[in-house]
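See below for final_18.cif, which holds mmCIF, C-alpha atoms.
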data_upload
#
loop_
_atom_site.label_atom_id
_atom_site.label_comp_id
_atom_site.auth_asym_id
_atom_site.auth_seq_id
_atom_site.Cartn_x
_atom_site.Cartn_y
_atom_site.Cartn_z
CA MET A 24 -0.24 -12.82 -20.08
CA THR A 25 -2.98 -14.17 -17.79
CA GLU A 26 -3.46 -17.17 -15.56
CA LYS A 27 -6.99 -17.80 -14.28
CA THR A 28 -7.71 -19.46 -10.94
CA GLY A 29 -11.39 -19.43 -9.99
CA THR A 30 -12.57 -15.83 -9.65
CA ILE A 31 -9.03 -14.43 -9.60
CA THR A 32 -6.91 -13.77 -12.69
CA THR A 33 -3.18 -13.15 -12.34
CA VAL A 34 -1.96 -10.69 -14.97
CA THR A 35 1.42 -9.37 -16.01
CA ILE A 36 1.18 -5.66 -16.75
CA GLU A 37 3.76 -4.72 -19.35
CA ASN A 38 5.16 -1.37 -18.37
CA GLU A 39 6.47 0.40 -21.48
CA ASN A 40 7.36 3.57 -19.58
CA MET A 41 9.53 1.78 -17.01
CA MET A 42 12.04 -1.07 -17.13
CA TRP A 43 9.96 -3.56 -15.20
CA ASP A 44 6.62 -5.34 -15.48
CA LEU A 45 4.08 -5.62 -12.70
CA SER A 46 2.27 -8.68 -11.39
CA ALA A 47 -1.33 -8.20 -10.29
CA ASP A 48 -4.34 -10.26 -9.24
CA ILE A 49 -7.72 -9.24 -10.62
CA HIS A 50 -10.53 -10.21 -8.24
CA PHE A 51 -13.69 -10.49 -10.30
CA PRO A 52 -17.12 -9.45 -9.02
CA THR A 53 -19.56 -12.11 -7.95
CA ASP A 54 -21.60 -13.26 -10.99
CA PHE A 55 -19.11 -11.51 -13.31
CA ASP A 56 -20.47 -10.81 -16.80
CA GLU A 57 -17.82 -9.80 -19.34
CA THR A 58 -20.42 -7.91 -21.38
CA LYS A 59 -20.87 -5.39 -18.55
CA ALA A 60 -18.57 -2.55 -17.47
CA TYR A 61 -17.71 -2.58 -13.76
CA PRO A 62 -16.31 0.06 -11.43
CA ALA A 63 -12.75 -0.90 -10.49
CA ILE A 64 -10.67 -0.49 -7.34
CA VAL A 65 -6.86 -0.58 -7.34
CA THR A 66 -5.57 -1.94 -4.02
CA ALA A 67 -2.01 -1.35 -2.78
CA HIS A 68 -0.12 -3.47 -0.27
CA PRO A 69 1.82 -2.23 2.77
CA ILE A 70 5.57 -1.65 2.65
CA GLY A 71 7.38 -4.99 2.81
CA SER A 72 4.18 -6.82 1.92
CA CYS A 73 2.69 -8.30 -1.26
CA LYS A 74 -0.58 -8.55 -3.16
CA GLU A 75 -1.50 -11.88 -1.57
CA GLN A 76 -1.69 -10.31 1.87
CA CYS A 77 -4.22 -7.79 3.21
CA SER A 78 -4.61 -5.68 0.08
CA GLY A 79 -5.66 -8.78 -1.84
CA ASN A 80 -7.04 -11.48 0.44
CA VAL A 81 -8.98 -9.07 2.66
CA TYR A 82 -9.88 -5.84 0.88
CA ALA A 83 -9.81 -6.79 -2.82
CA GLN A 84 -11.73 -9.98 -2.05
CA ALA A 85 -14.41 -8.12 -0.07
CA LEU A 86 -14.75 -5.45 -2.74
CA ALA A 87 -15.21 -8.10 -5.42
CA GLU A 88 -17.90 -9.74 -3.34
CA ALA A 89 -19.59 -6.33 -3.15
CA GLY A 90 -19.70 -6.07 -6.94
CA TYR A 91 -16.49 -4.24 -7.78
CA LEU A 92 -13.61 -5.41 -9.93
CA ALA A 93 -10.56 -5.13 -7.68
CA ILE A 94 -6.94 -5.37 -8.75
CA ALA A 95 -4.22 -5.98 -6.15
CA PHE A 96 -0.70 -5.44 -7.48
CA ASP A 97 2.86 -6.06 -6.36
CA ALA A 98 5.07 -2.99 -6.33
CA GLY A 99 7.94 -2.95 -8.78
CA PHE A 100 11.12 -4.59 -7.44
CA GLN A 101 8.99 -6.56 -4.98
CA GLY A 102 6.76 -9.62 -4.87
CA ALA A 103 6.22 -11.26 -8.25
CA SER A 104 6.77 -7.99 -10.12
CA GLY A 105 9.94 -7.33 -12.08
CA GLY A 106 12.67 -4.81 -11.41
CA ARG A 107 16.29 -4.83 -10.25
CA PRO A 108 17.72 -4.46 -7.68
CA ARG A 109 15.27 -6.46 -5.63
CA PHE A 110 13.59 -5.04 -2.52
CA LYS A 111 13.95 -1.45 -3.71
CA GLU A 112 11.64 0.94 -1.87
CA ASP A 113 11.61 4.21 -3.80
CA PRO A 114 8.39 6.17 -3.18
CA ASN A 115 8.55 7.95 -6.52
CA LEU A 116 8.67 4.65 -8.40
CA ARG A 117 6.01 3.06 -6.23
CA VAL A 118 3.65 5.95 -6.96
CA ALA A 119 4.36 5.63 -10.69
CA ASP A 120 3.24 1.97 -10.54
CA PHE A 121 -0.33 3.06 -9.82
CA SER A 122 -0.64 4.76 -13.20
CA SER A 123 0.66 1.64 -14.93
CA VAL A 124 -2.11 -0.39 -13.26
CA VAL A 125 -4.72 2.15 -14.39
CA ASP A 126 -3.28 2.03 -17.92
CA HIS A 127 -4.02 -1.70 -17.90
CA LEU A 128 -7.53 -1.31 -16.48
CA VAL A 129 -8.65 1.17 -19.13
CA THR A 130 -7.86 -1.35 -21.87
CA LEU A 131 -10.35 -3.86 -20.43
CA ASP A 132 -13.82 -3.72 -21.96
CA TYR A 133 -15.41 -4.87 -18.70
CA VAL A 134 -13.97 -1.92 -16.71
CA ASP A 135 -15.78 1.42 -16.57
CA ALA A 136 -12.83 3.79 -17.11
CA ASP A 137 -14.76 6.66 -15.53
CA ARG A 138 -15.33 4.77 -12.27
CA ILE A 139 -11.91 3.81 -10.90
CA ALA A 140 -10.86 4.29 -7.26
CA VAL A 141 -7.78 3.45 -5.22
CA LEU A 142 -7.40 1.85 -1.79
CA GLY A 143 -4.13 1.37 0.07
CA VAL A 144 -3.12 -0.20 3.38
CA CYS A 145 -0.38 1.17 5.68
CA GLY A 146 2.45 2.48 3.47
CA GLY A 147 0.27 1.58 0.50
CA GLY A 148 -2.32 3.97 1.91
CA GLY A 149 0.21 6.80 1.92
CA TYR A 150 1.24 5.94 -1.63
CA ALA A 151 -2.40 5.81 -2.75
CA LEU A 152 -3.06 9.28 -1.34
CA ASN A 153 -0.02 10.67 -3.11
CA ALA A 154 -0.75 8.88 -6.38
CA ALA A 155 -4.28 10.28 -6.50
CA MET A 156 -2.98 13.83 -6.56
CA LEU A 157 -1.45 13.29 -10.00
CA GLU A 158 -3.48 10.33 -11.27
CA ARG A 159 -6.79 12.03 -11.98
CA ARG A 160 -8.32 8.84 -13.31
CA PHE A 161 -8.78 7.92 -9.65
CA LYS A 162 -12.22 9.26 -8.76
CA ALA A 163 -12.12 8.32 -5.05
CA VAL A 164 -9.42 7.46 -2.50
CA VAL A 165 -9.47 5.12 0.52
CA SER A 166 -6.66 4.98 3.05
CA ILE A 167 -6.66 2.07 5.51
CA THR A 168 -4.39 2.83 8.49
CA GLY A 169 -2.27 4.79 5.99
CA VAL A 170 1.29 5.80 6.85
CA ASN A 171 3.35 8.63 5.41
CA TYR A 172 6.50 6.62 4.70
CA GLY A 173 8.72 9.66 4.20
CA ARG A 174 7.73 11.11 7.57
CA MET A 175 8.39 7.77 9.24
CA MET A 176 11.83 7.42 7.65
CA ARG A 177 12.86 10.94 8.68
CA GLU A 178 11.75 10.40 12.24
CA THR A 179 13.52 7.05 12.40
CA ALA A 180 16.70 8.69 11.12
CA ALA A 181 16.40 11.49 13.69
CA GLU A 182 16.24 8.90 16.45
CA ASN A 183 19.35 7.11 15.16
CA GLY A 184 22.00 9.74 14.57
CA GLY A 185 20.19 12.21 12.34
CA LEU A 186 18.98 12.51 8.76
CA THR A 187 22.34 13.54 7.33
CA ALA A 188 24.03 10.59 9.01
CA ALA A 189 21.45 8.22 7.51
CA LEU A 190 22.02 9.60 4.02
CA GLU A 191 25.81 9.40 4.50
CA ALA A 192 25.49 5.73 5.45
CA ILE A 193 23.38 5.05 2.36
CA ALA A 194 25.96 6.85 0.20
CA ALA A 195 28.75 4.76 1.67
CA GLN A 196 26.84 1.55 0.93
CA ARG A 197 26.23 2.62 -2.67
CA THR A 198 29.95 3.25 -3.10
CA ALA A 199 30.78 -0.14 -1.63
CA GLU A 200 28.34 -1.90 -3.95
CA ALA A 201 29.62 0.03 -6.97
CA ARG A 202 33.05 -1.40 -6.09
CA GLY A 203 31.74 -4.95 -5.93
CA ALA A 204 30.32 -5.40 -2.43
CA GLU A 205 27.21 -7.52 -1.91
CA PRO A 206 23.91 -5.62 -1.49
CA SER A 207 22.83 -4.98 2.08
CA ILE A 208 19.39 -6.60 2.40
CA ASP A 209 17.83 -6.02 5.80
CA ASP A 210 14.79 -7.64 7.34
CA LEU A 211 13.47 -4.90 9.55
CA LEU A 212 11.52 -7.25 11.83
CA PRO A 213 12.62 -9.84 14.40
CA PRO A 214 12.16 -13.38 13.06
CA SER A 215 9.50 -14.60 15.49
CA PRO A 216 7.23 -13.67 18.41
CA ASP A 217 9.70 -15.39 20.73
CA ALA A 218 12.41 -13.03 19.47
CA VAL A 219 10.11 -10.08 20.22
CA LYS A 220 9.83 -11.25 23.83
CA GLU A 221 13.58 -11.74 24.12
CA LEU A 222 14.18 -8.21 22.85
CA GLY A 223 11.60 -6.80 25.26
CA LEU A 224 9.61 -5.04 22.53
CA THR A 225 6.21 -3.78 23.65
CA ASP A 226 5.07 -1.25 21.05
CA PRO A 227 1.83 -2.64 19.54
CA ASP A 228 2.85 -1.91 15.94
CA LEU A 229 6.17 -3.73 16.25
CA VAL A 230 4.75 -6.65 18.23
CA GLU A 231 1.83 -7.17 15.86
CA ALA A 232 3.98 -6.69 12.75
CA VAL A 233 5.93 -9.78 13.75
CA ASP A 234 2.73 -11.64 14.62
CA TYR A 235 1.35 -10.81 11.17
CA TYR A 236 4.38 -11.30 8.92
CA LYS A 237 6.29 -13.99 10.79
CA THR A 238 3.52 -16.46 11.68
CA ASP A 239 0.82 -18.35 9.83
CA ARG A 240 -1.52 -15.45 10.49
CA GLY A 241 -0.28 -13.46 7.48
CA ALA A 242 3.01 -14.93 6.23
CA ALA A 243 3.28 -15.23 2.43
CA PRO A 244 6.24 -16.18 0.21
CA HIS A 245 6.65 -12.63 -1.10
CA GLY A 246 5.74 -10.84 2.14
CA CYS A 247 9.35 -10.73 3.22
CA THR A 248 9.63 -7.31 4.97
CA SER A 249 13.08 -6.92 3.39
CA PHE A 250 14.69 -3.69 2.22
CA ASN A 251 17.68 -2.94 0.01
CA PHE A 252 19.52 -0.43 2.18
CA ALA A 253 21.35 1.35 -0.65
CA THR A 254 18.04 2.28 -2.31
CA LEU A 255 16.45 4.01 0.69
CA GLY A 256 17.75 7.53 0.02
CA PRO A 257 14.73 8.94 -1.87
CA ALA A 258 12.36 7.92 0.93
CA HIS A 259 14.06 10.31 3.34
CA VAL A 260 13.22 13.39 1.25
CA TRP A 261 9.75 12.34 0.06
CA ASP A 262 6.44 13.30 1.64
CA ALA A 263 3.17 11.50 0.88
CA PHE A 264 1.11 14.54 1.86
CA ALA A 265 2.91 17.27 -0.09
CA HIS A 266 0.40 19.48 -1.96
CA ALA A 267 -2.61 17.72 -0.41
CA GLU A 268 -4.21 21.11 0.29
CA THR A 269 -4.48 21.81 -3.43
CA LEU A 270 -4.21 18.50 -5.32
CA LEU A 271 -5.99 15.92 -3.17
CA THR A 272 -9.52 16.83 -4.25
CA GLN A 273 -11.22 13.48 -4.83
CA PRO A 274 -13.72 12.06 -2.33
CA LEU A 275 -11.61 10.70 0.53
CA PHE A 276 -12.14 7.98 3.12
CA VAL A 277 -9.66 7.51 5.98
CA ALA A 278 -9.84 4.58 8.43
CA ILE A 279 -7.60 4.38 11.50
CA GLY A 280 -7.57 2.67 14.87
CA ASP A 281 -7.26 4.62 18.11
CA LYS A 282 -4.48 2.45 19.59
CA VAL A 283 -1.39 4.47 18.76
CA GLY A 284 1.81 2.69 17.70
CA ALA A 285 5.29 3.45 16.42
CA PHE A 286 4.32 3.59 12.73
CA GLY A 287 2.19 6.69 13.27
CA ALA A 288 -0.93 5.79 11.29
CA TYR A 289 -3.27 7.49 13.77
CA ARG A 290 -1.70 10.93 13.49
CA ASP A 291 -1.06 10.54 9.76
CA GLY A 292 -4.72 9.73 9.27
CA MET A 293 -5.81 12.75 11.28
CA GLU A 294 -3.38 14.97 9.40
CA ILE A 295 -4.38 13.98 5.88
CA TYR A 296 -8.08 14.12 6.72
CA HIS A 297 -7.75 17.75 7.78
CA ARG A 298 -5.23 18.78 5.09
CA ALA A 299 -6.93 17.25 2.05
CA ALA A 300 -8.73 19.66 -0.28
CA SER A 301 -11.49 17.09 -0.78
CA THR A 302 -14.94 18.53 -0.21
CA THR A 303 -16.31 15.03 0.38
CA LYS A 304 -14.35 13.18 3.05
CA GLU A 305 -15.01 10.72 5.83
CA LEU A 306 -12.91 9.77 8.86
CA LEU A 307 -13.49 6.48 10.67
CA VAL A 308 -11.68 6.08 14.00
CA LEU A 309 -12.26 2.58 15.34
CA PRO A 310 -12.05 2.31 19.14
CA ASP A 311 -9.75 -0.21 20.81
CA THR A 312 -8.26 -1.00 17.38
CA THR A 313 -4.61 -1.38 16.42
CA HIS A 314 -2.81 -0.80 13.14
CA TYR A 315 -2.74 -4.52 12.37
CA ASP A 316 -6.35 -5.09 13.40
CA LEU A 317 -7.14 -3.16 10.21
CA TYR A 318 -4.96 -5.49 8.15
CA ASP A 319 -6.91 -8.68 8.74
CA GLY A 320 -8.78 -8.46 12.03
CA PRO A 321 -12.26 -9.78 11.19
CA GLU A 322 -14.10 -7.24 13.33
CA ALA A 323 -12.02 -4.19 12.42
CA SER A 324 -11.85 -4.88 8.68
CA ALA A 325 -15.57 -5.66 8.60
CA LYS A 326 -16.41 -2.37 10.33
CA ALA A 327 -14.19 -0.49 7.89
CA LEU A 328 -15.74 -2.19 4.88
CA GLU A 329 -19.24 -1.47 6.18
CA ARG A 330 -18.42 2.19 5.63
CA ILE A 331 -16.07 1.92 2.63
CA ILE A 332 -18.44 0.03 0.34
CA PRO A 333 -21.30 2.57 0.55
CA PHE A 334 -18.73 5.39 0.33
CA LEU A 335 -17.49 4.00 -2.97
CA GLY A 336 -21.04 3.40 -4.13
CA ALA A 337 -21.90 7.05 -3.52
CA ASN A 338 -18.74 8.47 -5.08
CA LEU A 339 -18.03 6.32 -8.12
#

Please express the file's structure as structure tokens.
Amino acid sequence: MTEKTGTITTVTIENENMMWDLSADIHFPTDFDETKAYPAIVTAHPIGSCKEQCSGNVYAQALAEAGYLAIAFDAGFQGASGGRPRFKEDPNLRVADFSSVVDHLVTLDYVDADRIAVLGVCGGGGYALNAAMLERRFKAVVSITGVNYGRMMRETAAENGGLTAALEAIAAQRTAEARGAEPSIDDLLPPSPDAVKELGLTDPDLVEAVDYYKTDRGAAPHGCTSFNFATLGPAHVWDAFAHAETLLTQPLFVAIGDKVGAFGAYRDGMEIYHRAASTTKELLVLPDTTHYDLYDGPEASAKALERIIPFLGANL
């Protein structure tokens, strides 16, 4: 099923291998000609985000303008995609979604099936790196301020009573819901910049997350930053970078800012750059740049794209 709006087509990707369908926006290249076969880029949104935010309206749009076909998709259980319970954040399922998107791309006559790459932002960057290890149809990988979600969840648990305590709390919530309790849906961000000031938060990642998601800067109907607590167990034992030394072999581009924040994108970027088995890899460290500058900051995203577009051109 498709719905065309200008140069963007919204598609529903029927997922026969899973129990949910995916919603995605295809951003068509400038001067699109359906008789040609274009290289395609799959773009993945951050955790708690949606396809209409930075993965779509910044990176997919810019890639389309550069001549690529870009497809920004909503993760299962989130955004306009299907799946129950809502707001589930299971890394294994999120990684599986990438292959479903590629399955759709290779059925399109105007996509060159041998020239498909993947780009992810924040948690989507970590998922993209992990997905590429198994999904060999990805011929190049781009991580924009990518975060290893499993590492972040384990560290957060360690700071709040320990990993075992976190898993025990999740188990207790699952039992309660099995017995009829309402799901525990948590918004992990304060509701406004004023609330950030009242709480005395100063970490740049936390402050700018609220500025992005809770104001007109980046707010979108499906960008709700909500999580279903009972579904968070798998994230605590998952690692985006596992087996990178042997399986992450595609050409790799990593972009990070040098302003370090709580989400850990700077050190994750450094780690995966050095651990990846890729023989072709580039690391871009933007000075005086935060995590969220790389979401939609005009200067930071432009500088990243100035390097990403020729990187893709050389490696697809």

Nearest to A:Phe55 by atom-to-atom distance, counting all atoms listed in the file, from A:Tyr133, A:Phe110, A:Phe100, A:Phe286: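 Distance minimum relative to A:Phe55 lands on A:Tyr133.
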
Near-A:Met156 list (7 Å; all atoms listed in the file; drop same-chain fewer than 3 positions) as an MDAnalysis selection string: chainID A and resid 152:153 159 270:271

Have a look at atom CA of A:Met176 and atom CA of A:Gly71 and let me know their distance in Å, one decimal.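 These atoms are spaced 14.0 Å apart.
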
Suppose a student applies the PyMOL selection byres ((chain A and resi 81) around 12) to this structure; what residues should they get, written as a ChimeraX atom specification? /A:50,66-68,74-80,82-88,93,95,142-144,167,241,316-325,327-328

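The residues returned by the PyMOL selection byres ((chain A and resi 162) around 8) for this structure are Asp137, Arg138, Ile139, Ala140, Arg159, Arg160, Phe161, Ala163, Val164, Gln273, Pro274, Asn338 and Leu339 of chain A.
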
Please provide as a list in words all residues within 12 Å of A:Thr187, with the sequence filter that same-chain residues fewer than 4 positions apart are discarded (counting all atoms listed in the file). Arg177, Ala180, Ala181, Glu182, Asn183, Glu191, Ala192, Ile193, Ala194, Gly256, His259 and Val260 of chain A

On this file, the PyMOL selection byres ((chain A and resi 257) around 9) gives some set of residues; write that set as a VMD selection string. chain A and resid 112 to 115 173 254 to 256 258 to 261

Since the input is missing atoms, can you rebuild N, CA, C and O atoms for stretch 183-205 of chain A and write them as a short mmCIF file (atom, residue, chain, number, x, y, z; two decimals), in the coordinates of the input?
data_model
loop_
_atom_site.label_atom_id
_atom_site.label_comp_id
_atom_site.auth_asym_id
_atom_site.auth_seq_id
_atom_site.Cartn_x
_atom_site.Cartn_y
_atom_site.Cartn_z
N ASN A 183 18.17 7.99 15.28
CA ASN A 183 19.35 7.11 15.16
C ASN A 183 20.53 7.83 14.52
O ASN A 183 21.16 7.33 13.60
N GLY A 184 20.82 9.03 15.02
CA GLY A 184 22.00 9.74 14.57
C GLY A 184 21.74 10.90 13.65
O GLY A 184 22.66 11.66 13.32
N GLY A 185 20.51 11.06 13.16
CA GLY A 185 20.19 12.21 12.34
C GLY A 185 20.02 11.88 10.87
O GLY A 185 20.55 10.88 10.37
N LEU A 186 19.29 12.74 10.17
CA LEU A 186 18.98 12.51 8.76
C LEU A 186 20.24 12.52 7.90
O LEU A 186 20.41 11.67 7.02
N THR A 187 21.11 13.48 8.13
CA THR A 187 22.34 13.54 7.33
C THR A 187 23.18 12.29 7.51
O THR A 187 23.72 11.75 6.54
N ALA A 188 23.26 11.81 8.75
CA ALA A 188 24.03 10.59 9.01
C ALA A 188 23.43 9.40 8.28
O ALA A 188 24.16 8.55 7.74
N ALA A 189 22.10 9.33 8.22
CA ALA A 189 21.45 8.22 7.51
C ALA A 189 21.78 8.27 6.03
O ALA A 189 22.09 7.24 5.41
N LEU A 190 21.72 9.46 5.44
CA LEU A 190 22.02 9.60 4.02
C LEU A 190 23.50 9.33 3.73
O LEU A 190 23.84 8.79 2.68
N GLU A 191 24.38 9.70 4.66
CA GLU A 191 25.81 9.40 4.50
C GLU A 191 26.04 7.90 4.51
O GLU A 191 26.85 7.36 3.72
N ALA A 192 25.34 7.18 5.38
CA ALA A 192 25.49 5.73 5.45
C ALA A 192 25.00 5.06 4.16
O ALA A 192 25.60 4.11 3.66
N ILE A 193 23.89 5.57 3.62
CA ILE A 193 23.38 5.05 2.36
C ILE A 193 24.39 5.30 1.24
O ILE A 193 24.66 4.44 0.40
N ALA A 194 24.96 6.51 1.22
CA ALA A 194 25.96 6.85 0.20
C ALA A 194 27.17 5.93 0.28
O ALA A 194 27.68 5.47 -0.75
N ALA A 195 27.60 5.64 1.50
CA ALA A 195 28.75 4.76 1.67
C ALA A 195 28.44 3.35 1.17
O ALA A 195 29.30 2.69 0.56
N GLN A 196 27.22 2.89 1.40
CA GLN A 196 26.84 1.55 0.93
C GLN A 196 26.77 1.52 -0.59
O GLN A 196 27.19 0.53 -1.22
N ARG A 197 26.26 2.57 -1.20
CA ARG A 197 26.23 2.62 -2.67
C ARG A 197 27.64 2.56 -3.25
O ARG A 197 27.89 1.86 -4.24
N THR A 198 28.57 3.29 -2.64
CA THR A 198 29.95 3.25 -3.10
C THR A 198 30.53 1.85 -2.97
O THR A 198 31.18 1.34 -3.90
N ALA A 199 30.27 1.21 -1.84
CA ALA A 199 30.78 -0.14 -1.63
C ALA A 199 30.24 -1.11 -2.66
O ALA A 199 30.98 -1.93 -3.22
N GLU A 200 28.94 -0.99 -2.96
CA GLU A 200 28.34 -1.90 -3.95
C GLU A 200 28.84 -1.60 -5.36
O GLU A 200 29.02 -2.51 -6.17
N ALA A 201 29.07 -0.32 -5.66
CA ALA A 201 29.62 0.03 -6.97
C ALA A 201 31.00 -0.58 -7.16
O ALA A 201 31.42 -0.88 -8.29
N ARG A 202 31.71 -0.81 -6.05
CA ARG A 202 33.05 -1.40 -6.09
C ARG A 202 33.03 -2.91 -5.94
O ARG A 202 34.08 -3.53 -5.82
N GLY A 203 31.83 -3.50 -5.93
CA GLY A 203 31.74 -4.95 -5.93
C GLY A 203 31.20 -5.60 -4.69
O GLY A 203 31.07 -6.83 -4.63
N ALA A 204 30.86 -4.82 -3.66
CA ALA A 204 30.32 -5.40 -2.43
C ALA A 204 28.93 -5.98 -2.67
O ALA A 204 28.21 -5.55 -3.57
N GLU A 205 28.55 -6.94 -1.84
CA GLU A 205 27.21 -7.52 -1.91
C GLU A 205 26.17 -6.51 -1.41
O GLU A 205 26.47 -5.72 -0.51
#
